[in-house]
file input.tsv (TSV, C-alpha atoms and all ligand atoms)
chain	number	residue	atom	x	y	z
W	14	MET	CA	0.00	0.00	0.00
W	15	ALA	CA	1.46	3.31	-1.10
W	16	THR	CA	0.43	6.90	-0.40
W	17	TYR	CA	-0.06	9.37	-3.25
W	18	VAL	CA	-1.06	12.99	-3.58
W	19	VAL	CA	-3.27	13.71	-6.60
W	20	SER	CA	-4.16	17.30	-7.47
W	21	GLY	CA	-7.34	17.91	-9.43
W	22	SER	CA	-8.74	14.78	-7.76
W	23	ALA	CA	-12.40	15.88	-7.89
W	24	SER	CA	-12.89	15.60	-11.66
W	25	GLY	CA	-11.70	14.15	-14.96
W	26	ILE	CA	-8.20	12.67	-15.20
W	27	GLY	CA	-7.40	13.36	-11.52
W	28	ALA	CA	-10.61	11.67	-10.33
W	29	SER	CA	-9.99	8.63	-12.55
W	30	THR	CA	-6.40	8.41	-11.30
W	31	ARG	CA	-7.68	8.58	-7.76
W	32	SER	CA	-10.18	5.75	-8.22
W	33	THR	CA	-7.70	3.56	-10.12
W	34	LEU	CA	-5.11	3.95	-7.35
W	35	GLU	CA	-7.69	3.34	-4.62
W	36	ALA	CA	-9.00	0.25	-6.39
W	37	ALA	CA	-5.44	-1.11	-6.24
W	38	GLY	CA	-5.43	-0.57	-2.46
W	39	HIS	CA	-3.44	2.65	-2.28
W	40	VAL	CA	-4.15	5.74	-0.19
W	41	VAL	CA	-4.85	8.96	-2.08
W	42	ILE	CA	-4.69	12.46	-0.64
W	43	GLY	CA	-6.66	14.62	-3.03
W	44	ILE	CA	-6.14	18.34	-3.55
W	45	ASP	CA	-8.91	20.33	-5.24
W	46	LEU	CA	-11.21	23.32	-4.93
W	47	HIS	CA	-13.88	21.04	-3.44
W	48	ASP	CA	-14.51	17.39	-2.51
W	49	ALA	CA	-10.92	16.67	-1.51
W	50	GLU	CA	-8.90	15.89	1.62
W	51	VAL	CA	-7.05	19.15	1.06
W	52	VAL	CA	-9.32	21.92	-0.23
W	53	ALA	CA	-7.09	24.62	-1.66
W	54	ASP	CA	-6.99	27.07	-4.55
W	55	LEU	CA	-3.79	26.49	-6.52
W	56	SER	CA	-4.18	29.82	-8.33
W	57	THR	CA	-3.11	31.76	-5.22
W	58	VAL	CA	0.09	31.86	-3.20
W	59	GLU	CA	-1.87	31.19	0.02
W	60	GLY	CA	-3.79	28.32	-1.54
W	61	ARG	CA	-0.58	26.70	-2.80
W	62	ALA	CA	0.95	26.95	0.69
W	63	ARG	CA	-2.21	25.39	2.15
W	64	ALA	CA	-2.11	22.59	-0.43
W	65	VAL	CA	1.49	21.74	0.45
W	66	SER	CA	1.11	21.97	4.23
W	67	GLY	CA	-2.22	20.12	4.22
W	68	SER	CA	-0.75	17.29	2.13
W	69	LEU	CA	2.30	17.05	4.39
W	70	ASP	CA	0.05	16.79	7.45
W	71	PHE	CA	-1.99	13.99	5.85
W	72	CYS	CA	1.02	11.94	4.68
W	73	HIS	CA	3.16	12.50	7.79
W	74	ARG	CA	5.91	13.93	5.56
W	75	THR	CA	6.56	10.78	3.51
W	76	LEU	CA	5.04	10.27	0.09
W	77	ASP	CA	5.37	7.46	-2.46
W	78	GLY	CA	4.13	9.53	-5.36
W	79	LEU	CA	2.48	12.63	-6.74
W	80	VAL	CA	0.24	13.28	-9.72
W	81	THR	CA	-0.25	16.94	-10.62
W	82	ALA	CA	-3.46	16.93	-12.64
W	83	ALA	CA	-5.22	20.11	-11.46
W	84	GLY	CA	-5.69	22.47	-14.35
W	85	VAL	CA	-7.93	24.78	-16.30
W	86	GLY	CA	-7.96	25.31	-20.04
W	87	PRO	CA	-9.30	27.55	-22.80
W	88	PRO	CA	-11.44	29.66	-22.71
W	89	VAL	CA	-10.65	30.30	-19.02
W	90	PRO	CA	-8.83	33.68	-18.81
W	91	GLY	CA	-5.13	33.32	-19.59
W	92	ALA	CA	-3.91	34.72	-16.27
W	93	LEU	CA	-5.81	32.04	-14.34
W	94	VAL	CA	-4.53	29.32	-16.67
W	95	ALA	CA	-0.95	30.46	-16.02
W	96	SER	CA	-1.45	30.58	-12.25
W	97	VAL	CA	-3.01	27.13	-11.94
W	98	ASP	CA	-1.38	25.12	-14.72
W	99	TYR	CA	2.20	26.32	-14.27
W	100	PHE	CA	2.62	27.96	-10.87
W	101	GLY	CA	0.14	25.70	-9.08
W	102	SER	CA	1.85	22.56	-10.36
W	103	ARG	CA	5.35	23.83	-9.75
W	104	SER	CA	4.55	24.77	-6.15
W	105	LEU	CA	3.36	21.21	-5.47
W	106	LEU	CA	6.40	19.69	-7.17
W	107	GLU	CA	8.77	21.88	-5.17
W	108	GLY	CA	6.83	21.85	-1.91
W	109	LEU	CA	6.26	18.10	-1.77
W	110	ARG	CA	9.74	17.10	-3.04
W	111	PRO	CA	11.21	16.61	0.47
W	112	ALA	CA	8.35	14.23	1.39
W	113	LEU	CA	8.90	12.33	-1.86
W	114	ALA	CA	12.64	12.12	-1.16
W	115	ALA	CA	11.85	10.74	2.30
W	116	SER	CA	10.39	7.56	0.78
W	117	ARG	CA	13.60	6.94	-1.31
W	118	HIS	CA	11.61	5.41	-4.20
W	119	ALA	CA	8.96	7.97	-5.17
W	120	GLN	CA	7.49	8.43	-8.64
W	121	VAL	CA	5.86	11.58	-9.97
W	122	VAL	CA	3.69	12.21	-13.00
W	123	GLN	CA	3.02	15.75	-14.17
W	124	VAL	CA	0.00	16.00	-16.47
W	125	GLY	CA	1.14	18.05	-19.46
W	126	SER	CA	-0.57	18.21	-22.84
W	127	ASN	CA	0.00	17.81	-26.56
W	128	SER	CA	-0.79	21.56	-26.67
W	129	THR	CA	2.96	21.92	-26.04
W	130	THR	CA	3.75	20.88	-29.60
W	131	ILE	CA	0.62	21.66	-31.59
W	132	THR	CA	0.03	25.27	-30.47
W	133	PRO	CA	1.76	27.52	-33.01
W	134	ASP	CA	3.96	30.48	-32.03
W	135	LEU	CA	4.30	30.02	-28.28
W	136	PRO	CA	6.39	33.08	-27.31
W	137	ASP	CA	9.91	32.41	-25.98
W	138	ASP	CA	9.70	35.32	-23.52
W	139	LEU	CA	6.59	33.80	-21.94
W	140	ILE	CA	8.29	30.42	-21.51
W	141	GLU	CA	11.30	32.20	-19.98
W	142	ALA	CA	9.06	34.12	-17.53
W	143	PHE	CA	7.44	30.84	-16.44
W	144	LEU	CA	10.75	29.07	-15.96
W	145	ALA	CA	12.15	32.06	-14.05
W	146	GLY	CA	9.19	31.72	-11.67
W	147	ASP	CA	8.09	35.28	-12.54
W	148	GLU	CA	4.30	35.04	-12.27
W	149	SER	CA	3.57	38.75	-12.70
W	150	ARG	CA	5.74	38.96	-15.86
W	151	ALA	CA	4.06	35.87	-17.32
W	152	ILE	CA	0.62	37.35	-16.65
W	153	GLU	CA	1.72	40.71	-18.11
W	154	LEU	CA	2.82	39.00	-21.35
W	155	ILE	CA	-0.40	37.00	-21.55
W	156	ALA	CA	-2.45	40.21	-21.08
W	157	GLU	CA	-0.98	41.53	-24.35
W	158	VAL	CA	-2.78	38.79	-26.29
W	159	PRO	CA	-6.48	39.40	-27.13
W	160	GLU	CA	-9.16	37.07	-25.74
W	161	PRO	CA	-9.67	34.16	-26.15
W	162	PHE	CA	-6.20	33.63	-27.66
W	163	ASP	CA	-4.64	34.73	-24.36
W	164	SER	CA	-6.07	31.54	-22.90
W	165	ILE	CA	-4.77	29.36	-25.73
W	166	ILE	CA	-1.26	30.86	-25.52
W	167	ALA	CA	-1.26	30.67	-21.70
W	168	TYR	CA	-2.31	27.02	-21.81
W	169	GLY	CA	0.25	25.87	-24.38
W	170	GLY	CA	2.90	28.06	-22.75
W	171	ALA	CA	2.21	26.85	-19.22
W	172	LYS	CA	2.23	23.20	-20.29
W	173	LEU	CA	5.42	23.63	-22.34
W	174	ALA	CA	7.18	25.43	-19.49
W	175	ILE	CA	6.15	22.95	-16.79
W	176	THR	CA	7.24	20.08	-19.04
W	177	ARG	CA	10.62	21.72	-19.60
W	178	TRP	CA	10.91	22.43	-15.86
W	179	CYS	CA	10.23	18.75	-15.14
W	180	ARG	CA	12.84	17.56	-17.65
W	181	ARG	CA	15.47	19.86	-16.14
W	182	ALA	CA	14.60	18.86	-12.57
W	183	ALA	CA	14.20	15.13	-13.28
W	184	VAL	CA	17.90	14.51	-13.89
W	185	SER	CA	19.14	16.60	-10.95
W	186	PRO	CA	20.53	15.42	-7.60
W	187	GLU	CA	17.40	16.75	-5.87
W	188	TRP	CA	15.14	14.48	-7.93
W	189	ILE	CA	16.58	11.29	-9.41
W	190	GLY	CA	19.60	11.70	-7.11
W	191	SER	CA	17.12	11.50	-4.21
W	192	GLY	CA	15.40	8.45	-5.69
W	193	ILE	CA	12.45	10.35	-7.20
W	194	SER	CA	11.55	9.65	-10.82
W	195	LEU	CA	9.73	12.53	-12.50
W	196	ASN	CA	7.98	12.13	-15.85
W	197	VAL	CA	5.30	13.89	-17.86
W	198	ILE	CA	2.25	12.52	-19.65
W	199	ALA	CA	1.04	14.59	-22.60
W	200	PRO	CA	-2.56	13.66	-23.35
W	201	GLY	CA	-4.53	14.84	-26.36
W	202	ALA	CA	-8.30	15.37	-26.24
W	203	VAL	CA	-9.85	13.63	-23.21
W	204	GLN	CA	-13.59	13.67	-22.55
W	205	THR	CA	-13.79	15.75	-19.34
W	206	PRO	CA	-15.48	18.98	-18.17
W	207	LEU	CA	-12.30	20.86	-19.20
W	208	LEU	CA	-12.71	19.67	-22.80
W	209	ASP	CA	-16.45	20.44	-22.75
W	210	GLY	CA	-15.70	24.00	-21.57
W	211	GLY	CA	-13.57	24.57	-24.66
W	212	ARG	CA	-15.95	22.91	-27.08
W	213	GLU	CA	-18.88	25.04	-25.94
W	214	HIS	CA	-17.06	28.32	-26.66
W	215	GLY	CA	-17.85	30.16	-29.90
W	216	VAL	CA	-14.21	30.68	-30.97
W	217	VAL	CA	-12.28	28.02	-29.04
W	218	GLY	CA	-14.83	25.29	-29.85
W	219	PRO	CA	-14.39	25.32	-33.65
W	220	LEU	CA	-10.60	25.46	-33.23
W	221	MET	CA	-10.70	22.37	-31.01
W	222	GLU	CA	-13.06	20.59	-33.37
W	223	SER	CA	-10.65	21.26	-36.25
W	224	LEU	CA	-7.87	19.31	-34.51
W	225	PRO	CA	-7.50	16.00	-36.34
W	226	ILE	CA	-7.38	12.89	-34.10
W	227	PRO	CA	-6.26	9.90	-36.20
W	228	THR	CA	-7.65	7.33	-33.73
W	229	GLY	CA	-11.09	8.84	-34.31
W	230	GLY	CA	-11.91	11.17	-31.40
W	231	PRO	CA	-11.26	12.01	-27.76
W	232	THR	CA	-10.41	9.27	-25.30
W	233	ASN	CA	-11.79	8.89	-21.78
W	234	PRO	CA	-10.08	9.83	-18.50
W	235	ASP	CA	-9.96	6.21	-17.26
W	236	LEU	CA	-7.61	5.30	-20.12
W	237	ILE	CA	-5.25	8.17	-19.29
W	238	ALA	CA	-5.40	7.15	-15.61
W	239	GLU	CA	-4.19	3.65	-16.58
W	240	TRP	CA	-1.15	5.22	-18.24
W	241	ILE	CA	-0.50	7.40	-15.20
W	242	VAL	CA	-0.73	4.45	-12.84
W	243	PHE	CA	1.71	2.53	-15.04
W	244	MET	CA	4.06	5.53	-14.89
W	245	LEU	CA	3.86	5.28	-11.07
W	246	SER	CA	4.69	1.57	-11.11
W	247	PRO	CA	8.06	-0.20	-10.62
W	248	ALA	CA	8.15	-1.07	-14.34
W	249	ALA	CA	8.45	2.64	-15.14
W	250	ARG	CA	11.39	3.33	-12.86
W	251	PHE	CA	13.93	3.58	-15.69
W	252	ALA	CA	11.96	6.49	-17.18
W	253	CYS	CA	13.41	9.80	-16.03
W	254	GLY	CA	12.38	13.12	-17.57
W	255	SER	CA	10.35	11.31	-20.24
W	256	VAL	CA	7.42	13.01	-21.96
W	257	VAL	CA	4.86	10.37	-22.94
W	258	PHE	CA	2.39	11.47	-25.64
W	259	VAL	CA	-0.97	9.69	-25.49
W	260	ASP	CA	-2.93	11.83	-27.92
W	261	GLY	CA	-4.62	9.68	-30.53
W	262	GLY	CA	-1.96	10.63	-33.08
W	263	SER	CA	-2.61	14.39	-33.36
W	264	ASP	CA	1.02	15.33	-32.73
W	265	ALA	CA	2.38	12.72	-35.16
W	266	LEU	CA	-0.12	13.77	-37.83
W	267	ILE	CA	0.61	17.48	-37.54
W	268	ARG	CA	4.41	17.21	-37.13
W	269	PRO	CA	5.50	13.80	-38.43
W	270	ASP	CA	9.10	14.83	-39.08
W	271	ALA	CA	9.64	16.95	-35.97
W	272	TRP	CA	11.22	13.96	-34.27
W	273	PRO	CA	14.02	13.86	-33.41
W	274	ASP	CA	14.43	17.56	-32.78
W	275	GLY	CA	18.17	17.34	-33.39
W	276	PHE	CA	21.01	17.31	-30.92
W	277	GLN	CA	21.08	20.31	-28.64
W	278	ALA	CA	23.22	20.01	-25.55
W	279	ARG	CA	22.20	21.81	-22.39
W	280	ASP	CA	23.91	25.18	-21.81
V	1	LIG	P1	-11.27	18.62	-15.22
V	1	LIG	O1	-11.84	19.98	-15.35
V	1	LIG	O2	-12.15	17.45	-15.34
V	1	LIG	O3	-10.46	18.49	-13.84
V	1	LIG	C1	-9.58	19.48	-13.40
V	1	LIG	C2	-9.63	19.54	-11.89
V	1	LIG	O4	-8.71	20.57	-11.48
V	1	LIG	C3	-11.01	19.91	-11.34
V	1	LIG	O5	-11.41	19.02	-10.33
V	1	LIG	C4	-10.82	21.32	-10.81
V	1	LIG	O6	-11.65	21.63	-9.72
V	1	LIG	C5	-9.35	21.30	-10.44
V	1	LIG	N1	-8.85	22.67	-10.38
V	1	LIG	C6	-9.02	23.65	-11.29
V	1	LIG	N2	-8.55	24.82	-10.83
V	1	LIG	C7	-8.05	24.58	-9.61
V	1	LIG	C8	-7.44	25.38	-8.62
V	1	LIG	N3	-7.29	26.71	-8.79
V	1	LIG	N4	-7.03	24.82	-7.47
V	1	LIG	C9	-7.23	23.48	-7.26
V	1	LIG	N5	-7.81	22.66	-8.15
V	1	LIG	C10	-8.22	23.21	-9.32
V	1	LIG	O7	-10.11	18.57	-16.32
V	1	LIG	P2	-9.21	17.38	-16.87
V	1	LIG	O8	-9.42	17.35	-18.31
V	1	LIG	O9	-9.32	16.17	-16.08
V	1	LIG	O10	-7.77	18.03	-16.66
V	1	LIG	C11	-6.78	17.43	-15.85
V	1	LIG	C12	-5.43	17.81	-16.41
V	1	LIG	O11	-5.29	17.22	-17.69
V	1	LIG	C13	-5.25	19.32	-16.60
V	1	LIG	O12	-3.95	19.68	-16.19
V	1	LIG	C14	-5.39	19.49	-18.10
V	1	LIG	O13	-4.67	20.59	-18.56
V	1	LIG	C15	-4.81	18.20	-18.60
V	1	LIG	N6	-5.21	17.82	-19.94
V	1	LIG	C16	-6.53	17.66	-20.25
V	1	LIG	C17	-6.88	17.35	-21.55
V	1	LIG	C18	-8.30	17.18	-21.96
V	1	LIG	O14	-8.58	17.12	-23.17
V	1	LIG	N7	-9.25	17.04	-21.04
V	1	LIG	C19	-5.86	17.19	-22.60
V	1	LIG	C20	-4.52	17.37	-22.15
V	1	LIG	C21	-4.21	17.68	-20.86
call {"tool": "encode", "arguments": {"input": "input.tsv", "output": "structure tokens", "more": "lines below"}}
Ligand code: NAI
result
Amino acid sequence: MATYVVSGSASGIGASTRSTLEAAGHVVIGIDLHDAEVVADLSTVEGRARAVSGSLDFCHRTLDGLVTAAGVGPPVPGALVASVDYFGSRSLLEGLRPALAASRHAQVVQVGSNSTTITPDLPDDLIEAFLAGDESRAIELIAEVPEPFDSIIAYGGAKLAITRWCRRAAVSPEWIGSGISLNVIAPGAVQTPLLDGGREHGVVGPLMESLPIPTGGPTNPDLIAEWIVFMLSPAARFACGSVVFVDGGSDALIRPDAWPDGFQARD
């Protein structure tokens, strides 16, 4: 029996991950705006602190794993997307890292998105502001983009930046050097309230509908949860900083030759 924190545990992918883990006999500490062990708003500095301290109290400062699934997406205003999807996730990753290290064998899955590769023209300065941890600069840059494209840019940018943050952290002494494997799943369209919110919008909806999905359409959150639970299992321990696309083929269809990206050593 292992103990996991799952953010976004009240709905969609987080809720499915929660029930899959519980069905296997594990203990889940959920973080969400409602219906969770730790009720906290990850869009605010205070809420993030409450989420971390509440989780640490529940797990007695030792955790076997973490799944950061809380998120909002287009057409939610871009500033809120940035605060939840990047800064909310990063605060959990950083704040819960010592508890993960305490177990010596922890595994972490960040829920990213194929929006990282299929959103055109994500601005470099926005990604840099995210990675620098500069929330007000990121929000300032997003505010320059007209609605609802601010939301689309914020979403792709936040997911790209958190994925890059995870890849950098994963290989460091603080993470894999402390026995914590950190990987990212990048789903495509998944049938959840987040997807419905986009589809119902007059501008975002048609854009989402125009995204080709070679397998035939969105998948369901239970299927993504199965992947996440595999990524938390012993069989996945050799993965470190991996980004696993499970997107029905959209990324491969749109950018078939963008792999490999070419050799680019770290600065
Ligand atoms: P969902 O809307 O079903 O669930 C998201 C959960 O996050 C909700 O329970 C919500 O209350 C919680 N949440 C939102 N804002 C919060 C805040 N400020 N503080 C705490 N909790 C908050 O959405 P879904 O689709 O399950 O999304 C889960 C993750 O999967 C998100 O990170 C999303 O970006 C990602 N994703 C979803 C895709 C999709 O097509 N549904 C595709 C790719 C990635």
call {"tool": "closest_atom_pairs", "arguments": {"input": "input.tsv", "of": "range 18-127 of chain W", "to": "range 175-182 of chain W", "cutoff": "12 Å", "atoms": "all atoms listed in the file", "output": "CSV"}}
result
residue,atom,partner,partner_atom,distance
W:Thr81,CA,W:Ile175,CA,10.7
W:Ala95,CA,W:Ile175,CA,10.4
W:Ser96,CA,W:Ile175,CA,11.7
W:Val97,CA,W:Ile175,CA,11.2
W:Asp98,CA,W:Ile175,CA,8.1
W:Tyr99,CA,W:Ile175,CA,5.8
W:Phe100,CA,W:Ile175,CA,8.5
W:Gly101,CA,W:Ile175,CA,10.2
W:Ser102,CA,W:Ile175,CA,7.7
W:Arg103,CA,W:Ile175,CA,7.1
W:Ser104,CA,W:Ile175,CA,10.9
W:Leu105,CA,W:Ile175,CA,11.8
W:Leu106,CA,W:Cys179,CA,8.9
W:Glu107,CA,W:Ala182,CA,9.9
W:Arg110,CA,W:Ala182,CA,10.8
W:Val121,CA,W:Cys179,CA,9.9
W:Val122,CA,W:Cys179,CA,9.5
W:Gln123,CA,W:Thr176,CA,7.8
W:Val124,CA,W:Thr176,CA,8.7
W:Gly125,CA,W:Thr176,CA,6.4
W:Ser126,CA,W:Thr176,CA,8.9
W:Asn127,CA,W:Thr176,CA,10.7
call {"tool": "closest_residue", "arguments": {"input": "input.tsv", "among": "W:Asp45, W:Glu157, W:Asp70, W:Asp209", "to": "Pro231 in chain W", "atoms": "all atoms listed in the file"}}
result
W:Asp209
call {"tool": "closest_residue", "arguments": {"input": "input.tsv", "among": "W:Ala183, W:Val65, W:Ile26, W:Ala92", "to": "Leu236 in chain W", "atoms": "all atoms listed in the file"}}
result
W:Ile26
call {"tool": "atom_distance", "arguments": {"input": "input.tsv", "atom1": "CA of Ser194 in chain W", "atom2": "CA of Cys253 in chain W"}}
result
5.5 Å
call {"tool": "residues_near_ligand", "arguments": {"input": "input.tsv", "ligand": "ligand LIG 1 (chain V)", "cutoff": "8 Å", "atoms": "all atoms listed in the file", "output": "mmCIF file with C-alpha atoms, in the frame of the given file"}}
result
data_model
loop_
_atom_site.group_PDB
_atom_site.id
_atom_site.type_symbol
_atom_site.label_atom_id
_atom_site.label_comp_id
_atom_site.auth_asym_id
_atom_site.auth_seq_id
_atom_site.Cartn_x
_atom_site.Cartn_y
_atom_site.Cartn_z
ATOM 1 C CA SER W 20 -4.160 17.300 -7.470
ATOM 2 C CA GLY W 21 -7.340 17.910 -9.430
ATOM 3 C CA SER W 22 -8.740 14.780 -7.760
ATOM 4 C CA ALA W 23 -12.400 15.880 -7.890
ATOM 5 C CA SER W 24 -12.890 15.600 -11.660
ATOM 6 C CA GLY W 25 -11.700 14.150 -14.960
ATOM 7 C CA ILE W 26 -8.200 12.670 -15.200
ATOM 8 C CA GLY W 27 -7.400 13.360 -11.520
ATOM 9 C CA ALA W 28 -10.610 11.670 -10.330
ATOM 10 C CA ILE W 44 -6.140 18.340 -3.550
ATOM 11 C CA ASP W 45 -8.910 20.330 -5.240
ATOM 12 C CA LEU W 46 -11.210 23.320 -4.930
ATOM 13 C CA HIS W 47 -13.880 21.040 -3.440
ATOM 14 C CA VAL W 52 -9.320 21.920 -0.230
ATOM 15 C CA ALA W 53 -7.090 24.620 -1.660
ATOM 16 C CA ASP W 54 -6.990 27.070 -4.550
ATOM 17 C CA LEU W 55 -3.790 26.490 -6.520
ATOM 18 C CA SER W 56 -4.180 29.820 -8.330
ATOM 19 C CA THR W 57 -3.110 31.760 -5.220
ATOM 20 C CA GLY W 60 -3.790 28.320 -1.540
ATOM 21 C CA THR W 81 -0.250 16.940 -10.620
ATOM 22 C CA ALA W 82 -3.460 16.930 -12.640
ATOM 23 C CA ALA W 83 -5.220 20.110 -11.460
ATOM 24 C CA GLY W 84 -5.690 22.470 -14.350
ATOM 25 C CA VAL W 85 -7.930 24.780 -16.300
ATOM 26 C CA GLY W 86 -7.960 25.310 -20.040
ATOM 27 C CA LEU W 93 -5.810 32.040 -14.340
ATOM 28 C CA SER W 96 -1.450 30.580 -12.250
ATOM 29 C CA VAL W 97 -3.010 27.130 -11.940
ATOM 30 C CA ASP W 98 -1.380 25.120 -14.720
ATOM 31 C CA GLY W 101 0.140 25.700 -9.080
ATOM 32 C CA VAL W 124 0.000 16.000 -16.470
ATOM 33 C CA GLY W 125 1.140 18.050 -19.460
ATOM 34 C CA SER W 126 -0.570 18.210 -22.840
ATOM 35 C CA ASN W 127 0.000 17.810 -26.560
ATOM 36 C CA SER W 128 -0.790 21.560 -26.670
ATOM 37 C CA TYR W 168 -2.310 27.020 -21.810
ATOM 38 C CA LYS W 172 2.230 23.200 -20.290
ATOM 39 C CA ALA W 199 1.040 14.590 -22.600
ATOM 40 C CA PRO W 200 -2.560 13.660 -23.350
ATOM 41 C CA GLY W 201 -4.530 14.840 -26.360
ATOM 42 C CA ALA W 202 -8.300 15.370 -26.240
ATOM 43 C CA VAL W 203 -9.850 13.630 -23.210
ATOM 44 C CA GLN W 204 -13.590 13.670 -22.550
ATOM 45 C CA THR W 205 -13.790 15.750 -19.340
ATOM 46 C CA PRO W 206 -15.480 18.980 -18.170
ATOM 47 C CA LEU W 207 -12.300 20.860 -19.200
ATOM 48 C CA LEU W 208 -12.710 19.670 -22.800
ATOM 49 C CA PRO W 231 -11.260 12.010 -27.760
ATOM 50 C CA PRO W 234 -10.080 9.830 -18.500
#
call {"tool": "residues_around", "arguments": {"input": "input.tsv", "residues": "Ala151 in chain W", "least_positions_apart": "2", "cutoff": "12 Å", "atoms": "only C-alpha atoms", "output": "JSON, numbers by chain"}}
result
{"W": [91, 92, 93, 94, 95, 96, 99, 100, 136, 137, 138, 139, 140, 141, 142, 143, 144, 145, 146, 147, 148, 149, 153, 154, 155, 156, 157, 158, 163, 166, 167, 168, 170, 171, 174]}
call {"tool": "residues_around", "arguments": {"input": "input.tsv", "residues": "Ala271 in chain W", "least_positions_apart": "6", "cutoff": "10 Å", "atoms": "all atoms listed in the file", "output": "number ranges by chain"}}
result
W: 130, 264-265
call {"tool": "closest_residue", "arguments": {"input": "input.tsv", "among": "W:Ala114, W:Ser263, W:Val216, W:Val242", "to": "Ser32 in chain W", "atoms": "all atoms listed in the file"}}
result
W:Val242
call {"tool": "closest_residue", "arguments": {"input": "input.tsv", "among": "W:Glu213, W:Glu50, W:Asp274, W:Glu35", "to": "Pro88 in chain W", "atoms": "all atoms listed in the file"}}
result
W:Glu213
call {"tool": "atom_distance", "arguments": {"input": "input.tsv", "atom1": "CA of Leu135 in chain W", "atom2": "CA of Val89 in chain W"}}
result
17.6 Å
call {"tool": "atom_distance", "arguments": {"input": "input.tsv", "atom1": "CA of Gly43 in chain W", "atom2": "CA of Leu173 in chain W"}}
result
24.5 Å
call {"tool": "residues_near_point", "arguments": {"input": "input.tsv", "point": "(4.0, 11.3, 6.2)", "cutoff": "12 Å", "atoms": "all atoms listed in the file", "output": "CSV table (one decimal) with C-alpha atoms, keeping the file's coordinate frame"}}
result
chain,number,residue,atom,x,y,z
W,15,ALA,CA,1.5,3.3,-1.1
W,16,THR,CA,0.4,6.9,-0.4
W,17,TYR,CA,-0.1,9.4,-3.2
W,18,VAL,CA,-1.1,13.0,-3.6
W,40,VAL,CA,-4.2,5.7,-0.2
W,42,ILE,CA,-4.7,12.5,-0.6
W,66,SER,CA,1.1,22.0,4.2
W,67,GLY,CA,-2.2,20.1,4.2
W,68,SER,CA,-0.8,17.3,2.1
W,69,LEU,CA,2.3,17.0,4.4
W,70,ASP,CA,0.0,16.8,7.4
W,71,PHE,CA,-2.0,14.0,5.8
W,72,CYS,CA,1.0,11.9,4.7
W,73,HIS,CA,3.2,12.5,7.8
W,74,ARG,CA,5.9,13.9,5.6
W,75,THR,CA,6.6,10.8,3.5
W,76,LEU,CA,5.0,10.3,0.1
W,77,ASP,CA,5.4,7.5,-2.5
W,78,GLY,CA,4.1,9.5,-5.4
W,109,LEU,CA,6.3,18.1,-1.8
W,111,PRO,CA,11.2,16.6,0.5
W,112,ALA,CA,8.4,14.2,1.4
W,113,LEU,CA,8.9,12.3,-1.9
W,114,ALA,CA,12.6,12.1,-1.2
W,115,ALA,CA,11.8,10.7,2.3
W,116,SER,CA,10.4,7.6,0.8
call {"tool": "decode", "arguments": {"input": "input.tsv", "residues": "range 114-126 of chain W", "atoms": "N, CA and C atoms", "output": "compact mmCIF listing (two decimals), in the first residue's frame"}}
result
# COMPACT_ATOMS: atom_id res chain seq x y z
N ALA W 114 11.27 12.61 -1.39
CA ALA W 114 12.64 12.12 -1.16
C ALA W 114 12.69 11.23 0.08
N ALA W 115 11.84 11.52 1.04
CA ALA W 115 11.85 10.74 2.30
C ALA W 115 11.50 9.28 2.07
N SER W 116 10.76 8.97 1.00
CA SER W 116 10.39 7.56 0.78
C SER W 116 11.49 6.80 0.04
N ARG W 117 12.44 7.51 -0.58
CA ARG W 117 13.60 6.94 -1.31
C ARG W 117 13.24 6.25 -2.62
N HIS W 118 11.96 6.13 -2.96
CA HIS W 118 11.61 5.41 -4.20
C HIS W 118 10.38 6.05 -4.85
N ALA W 119 10.21 7.35 -4.72
CA ALA W 119 8.96 7.97 -5.17
C ALA W 119 8.92 8.13 -6.68
N GLN W 120 7.69 8.22 -7.21
CA GLN W 120 7.49 8.43 -8.64
C GLN W 120 6.43 9.52 -8.83
N VAL W 121 6.71 10.40 -9.77
CA VAL W 121 5.86 11.58 -9.97
C VAL W 121 5.45 11.67 -11.43
N VAL W 122 4.17 11.96 -11.64
CA VAL W 122 3.69 12.21 -13.00
C VAL W 122 3.05 13.59 -13.06
N GLN W 123 3.61 14.45 -13.87
CA GLN W 123 3.02 15.75 -14.17
C GLN W 123 2.12 15.57 -15.39
N VAL W 124 0.89 16.07 -15.31
CA VAL W 124 0.00 16.00 -16.47
C VAL W 124 0.26 17.23 -17.34
N GLY W 125 0.88 16.98 -18.48
CA GLY W 125 1.14 18.05 -19.46
C GLY W 125 0.04 18.04 -20.51
N SER W 126 0.43 18.19 -21.77
CA SER W 126 -0.57 18.21 -22.84
C SER W 126 0.13 18.19 -24.19
